[in-house]
Amino acid sequence: MPARRITVTVIHKERTVDKPPHRKLADGLQCPVPLNDIPQILLSHGGGGRLMHQLIDTLFAAAFGTQATQHDGAVLPVNEGELAFTTDSYVVHPLFFPGGDIGRLAVWGTVNDLAMCGAVPQSLSAGFILEEGLSMETLWQVVQSMQQAAEIAGVRIATGDTKVVERGKGDGMFINTAGVGRVIAPQPVSPRRVRPGDAILLNGDVGRHGMALVQVREGLRFESAIESDCAPLNGMVRELIEGGIDLHCLRDLTRGGLATALVEIAKTSSLSFALEETKIGVTDAVRGACELLGFDPLYVANEGRCVAFVPEKQAESALQIMRRHETGRNAACIGTVEMEARGRVTLHNAFGTTRLLDMLSGDQLPRIC
Amino acid sequence: MPARRITVTVIHKERTVDKPPHRKLADGLQCPVPLNDIPQILLSHGGGGRLMHQLIDTLFAAAFGTQATQHDGAVLPVNEGELAFTTDSYVVHPLFFPGGDIGRLAVWGTVNDLAMCGAVPQSLSAGFILEEGLSMETLWQVVQSMQQAAEIAGVRIATGDTKVVERGKGDGMFINTAGVGRVIAPQPVSPRRVRPGDAILLNGDVGRHGMALVQVREGLRFESAIESDCAPLNGMVRELIEGGIDLHCLRDLTRGGLATALVEIAKTSSLSFALEETKIGVTDAVRGACELLGFDPLYVANEGRCVAFVPEKQAESALQIMRRHETGRNAACIGTVEMEARGRVTLHNAFGTTRLLDMLSGDQLPRIC
Amino acid sequence: MKFLDEFRDPEAARRLADALHKTVTRPWRIMEVCGGQTHSIVKHGIDQLLPESITLVHGPGCPVCVTPVELIDRAIDIAQQPGVILCSFGDMMRVPGSDRDLLSVKAAGGDVRMVYSPMDAVQLAEEKSERQVVFFAVGFETTAPANAMAVHQAKLRGLTNFSMLVSQVLVPPAVESILQSEQHRINGFLLAGHVCTVMGFTEYEPIAERYRVPLVVTGFEPVDILHGLYLCVRQLESGRAEVENQYTRSVTRTGNRPAQELIQKVFHVVPRAWRGIGEIPASGLSLTPEYEAFDAERRFGVTPASVEQNGDCISGRILLGLDKPTDCPAFGARCTPEKPLGATMVSTEGACSAYYRYRHS
Amino acid sequence: MKFLDEFRDPEAARRLADALHKTVTRPWRIMEVCGGQTHSIVKHGIDQLLPESITLVHGPGCPVCVTPVELIDRAIDIAQQPGVILCSFGDMMRVPGSDRDLLSVKAAGGDVRMVYSPMDAVQLAEEKSERQVVFFAVGFETTAPANAMAVHQAKLRGLTNFSMLVSQVLVPPAVESILQSEQHRINGFLLAGHVCTVMGFTEYEPIAERYRVPLVVTGFEPVDILHGLYLCVRQLESGRAEVENQYTRSVTRTGNRPAQELIQKVFHVVPRAWRGIGEIPASGLSLTPEYEAFDAERRFGVTPASVEQNGDCISGRILLGLDKPTDCPAFGARCTPEKPLGATMVSTEGACSAYYRYRHS
Amino acid sequence: MCLAIPGKIESIEQGEALTRKGRIDFGGIVKEAWLSYVPEAKVGDYVIVHAGFAISRVDEREAHRALKYLDEMDRLDSPPPEPEEE
Amino acid sequence: MCLAIPGKIESIEQGEALTRKGRIDFGGIVKEAWLSYVPEAKVGDYVIVHAGFAISRVDEREAHRALKYLDEMDRLDSPPPEPEEE
Ligand code: SF4
Ligand code: SF4
Ligand SMILES: [Mg+2]
Ligand SMILES: [Mg+2]
Ligand SMILES: [Mg+2]
Ligand SMILES: [Mg+2]
Ligand SMILES: [Mg+2]
Ligand SMILES: [Mg+2]
Ligand SMILES: [Mg+2]
Ligand SMILES: [Mg+2]
Ligand SMILES: [Mg+2]
Ligand SMILES: [Mg+2]
């Protein structure tokens with residue numbers, strides 16, 4: 001379902017806003033803030049007064065429950081052990097895109113970072129920075145989507161915060177989530193535990209999230225059925241751990257894509273990786289879009305993909321566990337860790353030749369000439 | 001030290017940016033990103049590539065250490081018990097203001113929310129949303145200030161995230177912090193534990209933070225020596241708890257000021273409070289500024305003030321503990337909890353008359369006519 | 001703060017309250033004309049200090065409240081036009097027009113800015129020569145000197161991108177209009193000290209005489225108000241009906257001459273509609289031909305349809321001193337500061353707002 | 001993808017590589033003119049498949065690389081002017097001028113936008129009639145039809161707010177200029193298939209004859225390039241020196257007539273400076289008098305001072321095939337894609353960048 | 001209506017009568033105001049400021065007279081203060 | 001230089017020769033391109049697109065000839081493919 005954009009015509013300032021697609025949400029709740037009263041976010045909604053409290057007590061509480069919205073913070077019971085703690089801000093544009101929305105990203109992105117620590121994600125915080133003028137309906141759709149995403153991933157949104165910035169000082173909505181989770185991996189999951197001989201597993205094709213966004217970007221727009229791969233990975237990771245897989249290292253592939261993630265790990269671990277290009281899945285549509293713009297899919301963002309470094313002898317059983325999950329259906333072993341300690345990532349291709357992977361300077365820019 | 005603003009002249013877009021005042025920071029470190037190479041934040045700094053990694057590995061790591069910057073998340077040891085978890089985003093403008101900066105607010109604000117849960121703040125996350133074009137020097141000053149603030153408060157910035165948004169879609173810099181801390185209060189600290197007869201304690205004069213910002217706001221600017229009251233409250237709270245004070249409820253007074261915080265607690269606890277207006281401190285300068293603009297200081301924001309609800313018989317010893325702290329030097333008992341269960345806050349004034357406190361609709365707007 | 005704190009002295013207030021108790025023998029209904037005084041009375045609970053037989057009613061003295069919806073709609077229209085910066089005092093930002101307020105126009109992308117002084121708008125016009133800057137000039141006589149100077153300076157500086165949407169109203173005709181109403185039961189008035197600071201109080205002398213009503217020029221602090229009430233009650237009890245001046249530290253009989261001169265140069269008196277009350281002859285100010293080039297209504301030629309006042313709202317009766325906010329069935333229920341039905345609820349100086357804020361729970 | 005995947009077939013590549021190994025008897029130095037081919041060679045490791053006696057050198061065929069610093073500075077100047085929207089292909093955004101690149105201008109508040117086609121800039125000019133839209137038209141012959149159409153359409157649509165900063169360069173004069181250099185040791189050329197798609201290859205026939213050098217019009221996929229090399233080596237081994245066409249699926253001898261016609265209407269041939277190389281006669285395009293109203297240099301009259309190339313950078317020698325990136329002492333040390341000293345490092349199609357990206361570690 | 005508060009003139013920026021401005025101290029904060037309408041006001045005087053303009057000079061004698069009257073008010077028979085001159 | 005890739009014409013928006021546009025399918029994604037310079041191209045044809053313009057129609061016969069030649073290449077003595085017509 002492609003995201004739609006509408007142009008606001010009332011006011012002279014040029015601007016497009018994100019209109020949520022009419023997605024059916026699980027609970028089908030109506031927006032609890034009467035839309036004809038206050039159809040848009042005002043600065044007053046962040047002013048600490050009655051309007052802010054109304055927003056919190058109705059809209060946020062309707063989605064996340066009153067526990068998450070009433071106090072200075074949440075209080076959670078913890079057992080002796082290790083706690084994973086992470087944060088990410090989400091600044092995606094448009095807010096709704098094929099295959100997802102900022103709310104899902106914000107929940108699953110942080111869930112995934114916790115999973116990458118070998119943890120079971122438990123509670124999330126949600127910090128909203130809303131731009132004055134944001135439609136209340138949009139906010140409601142996003143908040144509902146977050147709650148739904150949290151339910152799917154089995155986490156609770158435990159505490160939150162809302163700020164409103166003046167129009168022209170934000171971009172509709174930014175969301176920060178932080179998350180805590182109980183570490184269940186018996187050994188540390190860390191680049192430092194990567195060992196020569198480890199198999200490098202990847203849970204699916206790459207480049208979908210980034211290209212799903214590019215296709216709706218001003219100036220580069222094209223039509224396609226590309227949908228973001230965004231998905232929670234915690235279920236799959238948990239089963240890997242519970243299945244006895246000794247996860248040496250995990251890393252979700254977000255900004256910078258597969259290549260950047262592997263280069264990072266190679267540098268941190270001071271080990272070299274040899275990858276098989278033909279094992280790395282890229283859908284036809286993602287490849288077509290990359291060809292058109294001169295992008296390399298290995299550097300394109302993902303939101304439901306990770307690499308797992310496991311002992312070679314566990315590679316097969318790990319793949320079997322991964323493939324039981326929707327998000328790991330096309331899991332593959334894409335390479336191995338070499339003896340060489342130079343922190344290099346080499347890609348072996350079908351021609352029998354090689355190239356090195358490195359980080360790009362910044363975002364990929366479309367090439368034309 | 002008043003914040004200064006300079007106007008960028010290079011480019012045609014109208015805009016002022018925040019220039020950090022030349023404050024001497026404890027460690028006097030030089031900005032590790034060579035400023036003449038890349039003097040401003042580019043979109044590429046958020047692109048997941050080499051520039052982003054350089055920014056993290058140099059600037060952020062120099063302030064927060066490499067542990068906070070290298071992984072998907074932090075892993076912290078925890079003991080059996082209760083964990084407080086909170087978040088806030090900081091969108092203050094200007095970034096540097098008399099008495100503080102966005103970095104201090106971001107650290108101490110979240111430290112304070114954890115303290116308000118009866119917890120000892122331990123680890124913070126820091127999520128940055130940077131606007132393209134932000135000066136690298138400004139970022140460095142803020143990041144250093146955060147680290148300094150964290151040291152003062154005795155917490156660690158354990159994990160972080162950086163995003164860059166296009167110019168015109170942010171406001172220099174937004175910071176989200178989330179925090180975790182160990183709950184040490186033996187009983188829950190919550191509005192639900194407020195009891196008739198409780199003394200309501202306030203740790204100092206009100207309205208300074210809000211008026212420190214107003215005085216540098218476009219269109220309302222005035223000269224004064226008003227400085228934000230921003231300060232970490234965790235030390236004071238910890239001593240109250242360790243001093244055996246049964247803290248029924250704590251609340252830091254941020255947006256909406258003293259009045260809003262008390263109204264919130266009254267409504268949640270369904271109890272009524274009687275306050276003595278003459279016990280509530282307001283400095284002359286804050287009062288002068290409020291008179292000029294038609295503001296009520298009881299509704300003006302603070303960043304180093306809290307109310308504590310304690311059993312009447314512990315009020316005096318609690319005040320003594322509070323007064324030992326710089327931030328509680330002017331602590332006072334400003335009122336009591338009444339038997340009446342109507343959730344009202346009544347202010348008794350020097351004339352022997354009363355008025356009710358309620359929430360305002362949104363921000364206070366300057367009154368002129 | 002000097003000249004403020006002294007007039008908030010509880011001891012002085014107590015003495016005045018005692019004096020009032022001792023002086024009063026009959027029920028008196030006294031209107032404070034000014035919204036600032038209404039606010040002060042309700043905030044400080046001054047009415048709680050009065051003998052029961054004194055009833056305070058609240059007058060039309062909030063210029064924000066009495067600005068007609070049509071004019072607010074016009075300001076909103078202008079604020080939505082490309083290239084315009086609409087400047088306004090903070091007070092006006094939340095006052096609802098017929099379907100929105102200026103804050104929502106701003107939220108939707110209009111360039112609406114709050115200023116502290118009309119001169120800030122003039123300066124903005126100088127800085128942004130490519131934009132049209134419109135100042136929404138709401139006010140009574142107190143604000144007229146500032147507004148007059150803004151227009152005058154704009155002319156001196158040759159600004160072609162500054163204009164003013166004028167909603168200037170005058171107090172004496174309103175007081176007289178209340179006194180002409182058959183329903184009114186008002187025995188005395190506290191006059192607005194700052195209006196008289198500018199205009200003096202000679203205009204009220206014929207009113208005192210014609211309607212046999214005491215009028216006391218009064219300041220804004222609790223002690224001032226109690227003092228004004230005391231002077232008013234003393235007149236009432238002794239059968240006098242004069243203009244008396246409580247606020248001598250700021251007001252003289254003839255007012256501020258230099259200010260009056262510029263006002264007369266820039267503005268002339270016109271009939272004006274008051275929200276909730278209707279048209280009152282000679283009760284408003286409009287730009288003189290010399291300055292009409294700065295009239296926003298000329299420049300933007302918006303002709304809004306006439307808009308009905310919300311049927312349930314009795315703010316007109318409140319402004320005339322016929323009812324109190326608590327007499328309104330909508331008060332605090334369907335009408336709150338977040339969703340006001342009438343302007344007396346939304347302006348901080350409106351009587352309904354003051355009651356809601358300080359009395360409602 | 002059809003017509004791409006077939007030409008990436010490893011089996012076909014292996015056969016061609018085998019054929020090359022069997023054919024070659026002596027060392028040959030072959031230049032691929034085009035940056036796209038350089039990129040493809042390094043990315044796919046095609047050079048790793050070749051006999052050791054074949055040396056590939058990389059030509060001047062990256063229009064971004066050869067755009068003079070002065071022109072980039074001019075684009076940066078224009079982008080900083082009030083009201084201007086500067087549009088450019090993504091490739092140009094990170095190329096450093098003498099003290100900054102377009103991305104930093106954007107970060108500092110300039111309105112710099114990336115477009116996919118010059119027609120997007122024309123459309124933007126239509127939508128934003130109050131702004132000046134300038135398109136930075138960098139390209140070889142391949143891009144000329146698109147740029148010509150943009151100017152032509154702007155004229156047809158009567159746009160007065162669209163202009164083009166033209167940096168169009170031509171390949172045949174550059175090839176000839178390399179062959180004229182005394183130092184060159186190049187035995188054969190792969191010609192850029194897409195340039196020839198537009199222009200055909202008749203212009204190269206006199207060059208082949210005059211300099212006795214084989215020139216093979218070649219496509220961009222690994223199999224294309226190996227095939228082009230095979231054809232080139234076959235000529236060399238057999239002593240022939242002809243223009244040969246490997247890329248027959250897209251290129252005909254005479255090229256795209258309708259495109260050539262519009263190019264000739266909109267542009268005329270002028271001398272042009274090439275970054276790192278210097279001026280080459282008749283090697284650039286400029287707008288004809290009929291379209292000169294759309295020339296951004298006329299509209300913005302910026303006259304930048306001449307800027308020296310960075311002293312350490314040998315990109316000029318690289319562009320002429322005299323050196324390889326790894327011959328540069330700055331490569332990978334003081335010169336990286338984040339802090340490039342020369343344009344061959346910053347453009348994704350620059351030879352230094354390709355080596356850094358796929359070979360450096 | 002018409003929020004106006006007293007402040008003390010700290011300094012005066014000299015200029016034509018109509019455009020004279022001063023820095024006014026309001027209990028510790030300082031803001032600029034136009035003095036166009038109080039040509040008689042000098043540094044040290046208190047003025048009442050509204051919307052950026054001084055609209056009157058505080059008559060300190062009158063203020064003290066009023067305060068003195070209030071001080072002595074327990075003698076209820078005392079007359080209210082009258083302005084000394086009209 | 002000059003990134004250009006082959007795509008299949010899905011549909012053509014009729015108009016004057018010079019402003020004719022079509023929707024081009026590139027392996028599953030569709031983008032509009034100007035067909036001004038390929039007046040002979042029709043729906044189903046492959047064109048090479050650069051910067052929003054089709055710069056040539058893919059000569060499918062030539063493509064197949066080339067591929068066939070590569071297929072048979074093991075016979076090294078076979079001659080390279082020549083364009084059928086000049
Ligand atoms: S309470 Fe509301 S509806 Fe009633 S009079 Fe006041 S403003 Fe009008
Ligand atoms: S590596 Fe850098 S300095 Fe050396 S030739 Fe290439 S661009 Fe120039
Ligand atoms: Mg709090
Ligand atoms: Mg994270
Ligand atoms: Mg993440
Ligand atoms: Mg909060
Ligand atoms: Mg925006
Ligand atoms: Mg991650
Ligand atoms: Mg919080
Ligand atoms: Mg907080
Ligand atoms: Mg992150
Ligand atoms: Mg901004």
# chains A, B, ... in the order shown; residues from 1 in each chain; ligands from 1
$ residues_near_ligand --ligand "ligand 12" --cutoff "12 Å" --atoms "only C-alpha atoms and all ligand atoms" --output "PyMOL selection string"
(chain A and resi 131+165-171) or (chain B and resi 13-18+91+93-94+130-134+165-174) or (chain D and resi 107-109)
$ select_by_dssp --residues "stretch 242-316 of chain B" --states "strand (DSSP E or B)" --output "short mmCIF file (atom, residue, chain, number, x, y, z; two decimals) with C-alpha atoms, in the first residue's frame"
data_model
loop_
_atom_site.label_atom_id
_atom_site.label_comp_id
_atom_site.auth_asym_id
_atom_site.auth_seq_id
_atom_site.Cartn_x
_atom_site.Cartn_y
_atom_site.Cartn_z
CA CYS B 249 5.31 11.91 46.71
CA LEU B 250 7.88 13.92 44.79
CA ARG B 251 7.42 16.00 41.69
CA ASP B 252 9.85 18.25 39.89
CA PHE B 273 -4.01 21.08 49.24
CA ALA B 274 -3.89 24.38 51.13
CA LEU B 275 -0.92 26.56 50.26
CA GLU B 276 0.46 29.70 51.83
CA CYS B 306 10.54 19.99 43.32
CA VAL B 307 7.78 19.52 45.82
CA ALA B 308 7.98 16.79 48.43
CA PHE B 309 4.98 15.42 50.31
CA VAL B 310 6.09 14.13 53.69
#
$ residues_around --residues "F:Lys42" --least-positions-apart "3" --cutoff "10 Å" --atoms "only C-alpha atoms" --output "MDAnalysis selection string"
chainID F and resid 8:12 22 35 38:39 45:47 57
$ write_last_selection --atoms "N, CA, C and O atoms" --output "CSV table (one decimal), in the first residue's frame"
chain,number,residue,atom,x,y,z
F,8,LYS,N,11.8,-1.2,-20.1
F,8,LYS,CA,10.8,-1.6,-21.2
F,8,LYS,C,9.7,-0.6,-21.1
F,8,LYS,O,9.2,-0.3,-20.0
F,9,ILE,N,9.2,-0.1,-22.3
F,9,ILE,CA,8.2,0.8,-22.3
F,9,ILE,C,6.8,0.1,-21.9
F,9,ILE,O,6.4,-0.8,-22.6
F,10,GLU,N,6.3,0.6,-20.9
F,10,GLU,CA,5.0,0.0,-20.4
F,10,GLU,C,3.8,0.7,-21.1
F,10,GLU,O,2.8,0.1,-21.4
F,11,SER,N,3.9,2.0,-21.2
F,11,SER,CA,2.8,2.7,-21.9
F,11,SER,C,3.4,4.0,-22.4
F,11,SER,O,4.4,4.5,-21.9
F,12,ILE,N,2.7,4.6,-23.3
F,12,ILE,CA,3.1,5.9,-23.9
F,12,ILE,C,2.0,6.9,-23.7
F,12,ILE,O,0.9,6.6,-24.0
F,22,GLY,N,6.8,8.3,-21.7
F,22,GLY,CA,6.4,7.0,-21.5
F,22,GLY,C,6.7,6.5,-20.1
F,22,GLY,O,7.5,7.1,-19.4
F,35,LEU,N,10.3,10.5,-24.3
F,35,LEU,CA,10.6,9.6,-25.5
F,35,LEU,C,11.0,10.5,-26.7
F,35,LEU,O,11.0,10.0,-27.9
F,38,VAL,N,13.4,9.1,-29.3
F,38,VAL,CA,13.2,7.7,-29.8
F,38,VAL,C,11.8,7.7,-30.5
F,38,VAL,O,10.9,6.9,-30.0
F,39,PRO,N,11.6,8.5,-31.5
F,39,PRO,CA,10.3,8.5,-32.1
F,39,PRO,C,9.8,7.2,-32.6
F,39,PRO,O,8.6,7.0,-32.7
F,45,ASP,N,8.9,-2.1,-26.4
F,45,ASP,CA,10.3,-1.9,-26.7
F,45,ASP,C,11.1,-1.6,-25.5
F,45,ASP,O,10.6,-1.0,-24.5
F,46,TYR,N,12.4,-1.9,-25.6
F,46,TYR,CA,13.3,-1.5,-24.5
F,46,TYR,C,14.1,-0.3,-25.0
F,46,TYR,O,14.4,-0.1,-26.2
F,47,VAL,N,14.2,0.7,-24.1
F,47,VAL,CA,15.0,1.9,-24.4
F,47,VAL,C,16.1,2.1,-23.3
F,47,VAL,O,16.0,1.6,-22.2
F,57,ARG,N,16.7,3.2,-28.7
F,57,ARG,CA,15.9,2.0,-28.5
F,57,ARG,C,16.9,0.9,-28.6
F,57,ARG,O,17.9,0.9,-29.4
$ closest_residue --among "D:Asp99, D:Asp120, D:Asp18, D:Glu130" --to "chain C" --atoms "only C-alpha atoms"
D:Glu130
$ closest_residue --among "B:Ala68, B:Ala212, B:Leu319, B:Ile41" --to "ligand 11" --atoms "only C-alpha atoms and all ligand atoms"
B:Ala68
$ decode --residues "stretch 11-40 of chain C" --atoms "N, CA and C atoms" --output "PDB file, in the first residue's frame"
ATOM      1  N   GLU C  11      -1.753  44.927  55.555  1.00  0.00           N
ATOM      2  CA  GLU C  11      -2.217  45.748  56.677  1.00  0.00           C
ATOM      3  C   GLU C  11      -3.086  46.901  56.191  1.00  0.00           C
ATOM      4  N   ALA C  12      -2.596  47.576  55.138  1.00  0.00           N
ATOM      5  CA  ALA C  12      -3.388  48.673  54.556  1.00  0.00           C
ATOM      6  C   ALA C  12      -4.712  48.138  54.031  1.00  0.00           C
ATOM      7  N   ALA C  13      -4.645  46.958  53.413  1.00  0.00           N
ATOM      8  CA  ALA C  13      -5.876  46.367  52.885  1.00  0.00           C
ATOM      9  C   ALA C  13      -6.860  46.093  54.016  1.00  0.00           C
ATOM     10  N   ARG C  14      -6.338  45.578  55.115  1.00  0.00           N
ATOM     11  CA  ARG C  14      -7.214  45.275  56.239  1.00  0.00           C
ATOM     12  C   ARG C  14      -7.884  46.539  56.757  1.00  0.00           C
ATOM     13  N   ARG C  15      -7.094  47.602  56.851  1.00  0.00           N
ATOM     14  CA  ARG C  15      -7.667  48.854  57.365  1.00  0.00           C
ATOM     15  C   ARG C  15      -8.777  49.368  56.463  1.00  0.00           C
ATOM     16  N   LEU C  16      -8.502  49.281  55.131  1.00  0.00           N
ATOM     17  CA  LEU C  16      -9.528  49.760  54.193  1.00  0.00           C
ATOM     18  C   LEU C  16     -10.779  48.894  54.272  1.00  0.00           C
ATOM     19  N   ALA C  17     -10.565  47.591  54.395  1.00  0.00           N
ATOM     20  CA  ALA C  17     -11.718  46.688  54.497  1.00  0.00           C
ATOM     21  C   ALA C  17     -12.518  47.016  55.764  1.00  0.00           C
ATOM     22  N   ASP C  18     -11.802  47.235  56.854  1.00  0.00           N
ATOM     23  CA  ASP C  18     -12.488  47.619  58.088  1.00  0.00           C
ATOM     24  C   ASP C  18     -13.295  48.885  57.881  1.00  0.00           C
ATOM     25  N   ALA C  19     -12.646  49.855  57.247  1.00  0.00           N
ATOM     26  CA  ALA C  19     -13.322  51.128  57.020  1.00  0.00           C
ATOM     27  C   ALA C  19     -14.586  50.928  56.198  1.00  0.00           C
ATOM     28  N   LEU C  20     -14.460  50.068  55.167  1.00  0.00           N
ATOM     29  CA  LEU C  20     -15.637  49.790  54.340  1.00  0.00           C
ATOM     30  C   LEU C  20     -16.756  49.183  55.174  1.00  0.00           C
ATOM     31  N   HIS C  21     -16.393  48.200  55.988  1.00  0.00           N
ATOM     32  CA  HIS C  21     -17.404  47.555  56.830  1.00  0.00           C
ATOM     33  C   HIS C  21     -18.094  48.572  57.715  1.00  0.00           C
ATOM     34  N   LYS C  22     -17.276  49.488  58.227  1.00  0.00           N
ATOM     35  CA  LYS C  22     -17.869  50.473  59.142  1.00  0.00           C
ATOM     36  C   LYS C  22     -18.696  51.510  58.404  1.00  0.00           C
ATOM     37  N   THR C  23     -18.359  51.757  57.142  1.00  0.00           N
ATOM     38  CA  THR C  23     -19.016  52.826  56.394  1.00  0.00           C
ATOM     39  C   THR C  23     -20.350  52.399  55.792  1.00  0.00           C
ATOM     40  N   VAL C  24     -20.359  51.151  55.324  1.00  0.00           N
ATOM     41  CA  VAL C  24     -21.504  50.744  54.519  1.00  0.00           C
ATOM     42  C   VAL C  24     -22.736  50.510  55.383  1.00  0.00           C
ATOM     43  N   THR C  25     -23.896  50.959  54.913  1.00  0.00           N
ATOM     44  CA  THR C  25     -25.149  50.752  55.652  1.00  0.00           C
ATOM     45  C   THR C  25     -26.203  50.107  54.776  1.00  0.00           C
ATOM     46  N   ARG C  26     -26.014  50.183  53.475  1.00  0.00           N
ATOM     47  CA  ARG C  26     -27.028  49.660  52.550  1.00  0.00           C
ATOM     48  C   ARG C  26     -26.369  48.835  51.457  1.00  0.00           C
ATOM     49  N   PRO C  27     -27.114  48.051  50.696  1.00  0.00           N
ATOM     50  CA  PRO C  27     -26.504  47.302  49.583  1.00  0.00           C
ATOM     51  C   PRO C  27     -26.118  48.239  48.435  1.00  0.00           C
ATOM     52  N   TRP C  28     -24.944  48.017  47.946  1.00  0.00           N
ATOM     53  CA  TRP C  28     -24.480  48.799  46.791  1.00  0.00           C
ATOM     54  C   TRP C  28     -23.932  47.848  45.733  1.00  0.00           C
ATOM     55  N   ARG C  29     -24.226  48.219  44.513  1.00  0.00           N
ATOM     56  CA  ARG C  29     -23.731  47.427  43.369  1.00  0.00           C
ATOM     57  C   ARG C  29     -22.748  48.322  42.622  1.00  0.00           C
ATOM     58  N   ILE C  30     -21.491  47.881  42.624  1.00  0.00           N
ATOM     59  CA  ILE C  30     -20.444  48.716  42.044  1.00  0.00           C
ATOM     60  C   ILE C  30     -19.745  47.968  40.913  1.00  0.00           C
ATOM     61  N   MET C  31     -19.580  48.662  39.811  1.00  0.00           N
ATOM     62  CA  MET C  31     -18.891  48.042  38.663  1.00  0.00           C
ATOM     63  C   MET C  31     -17.464  48.561  38.564  1.00  0.00           C
ATOM     64  N   GLU C  32     -16.516  47.593  38.515  1.00  0.00           N
ATOM     65  CA  GLU C  32     -15.180  48.023  38.095  1.00  0.00           C
ATOM     66  C   GLU C  32     -15.171  47.871  36.580  1.00  0.00           C
ATOM     67  N   VAL C  33     -14.868  48.957  35.915  1.00  0.00           N
ATOM     68  CA  VAL C  33     -14.988  48.984  34.462  1.00  0.00           C
ATOM     69  C   VAL C  33     -13.921  48.112  33.799  1.00  0.00           C
ATOM     70  N   CYS C  34     -12.807  48.002  34.502  1.00  0.00           N
ATOM     71  CA  CYS C  34     -11.599  47.523  33.836  1.00  0.00           C
ATOM     72  C   CYS C  34     -11.334  46.046  34.087  1.00  0.00           C
ATOM     73  N   GLY C  35     -11.011  45.317  33.043  1.00  0.00           N
ATOM     74  CA  GLY C  35     -10.699  43.899  33.158  1.00  0.00           C
ATOM     75  C   GLY C  35      -9.485  43.630  34.031  1.00  0.00           C
ATOM     76  N   GLY C  36      -8.537  44.527  34.001  1.00  0.00           N
ATOM     77  CA  GLY C  36      -7.353  44.368  34.853  1.00  0.00           C
ATOM     78  C   GLY C  36      -7.740  44.390  36.316  1.00  0.00           C
ATOM     79  N   GLN C  37      -8.693  45.247  36.637  1.00  0.00           N
ATOM     80  CA  GLN C  37      -9.184  45.303  38.020  1.00  0.00           C
ATOM     81  C   GLN C  37      -9.998  44.050  38.354  1.00  0.00           C
ATOM     82  N   THR C  38     -10.797  43.610  37.401  1.00  0.00           N
ATOM     83  CA  THR C  38     -11.546  42.365  37.615  1.00  0.00           C
ATOM     84  C   THR C  38     -10.583  41.244  37.985  1.00  0.00           C
ATOM     85  N   HIS C  39      -9.547  41.150  37.183  1.00  0.00           N
ATOM     86  CA  HIS C  39      -8.535  40.128  37.400  1.00  0.00           C
ATOM     87  C   HIS C  39      -7.930  40.232  38.789  1.00  0.00           C
ATOM     88  N   SER C  40      -7.534  41.433  39.152  1.00  0.00           N
ATOM     89  CA  SER C  40      -6.915  41.683  40.444  1.00  0.00           C
ATOM     90  C   SER C  40      -7.873  41.330  41.581  1.00  0.00           C
TER      91      SER C  40
END
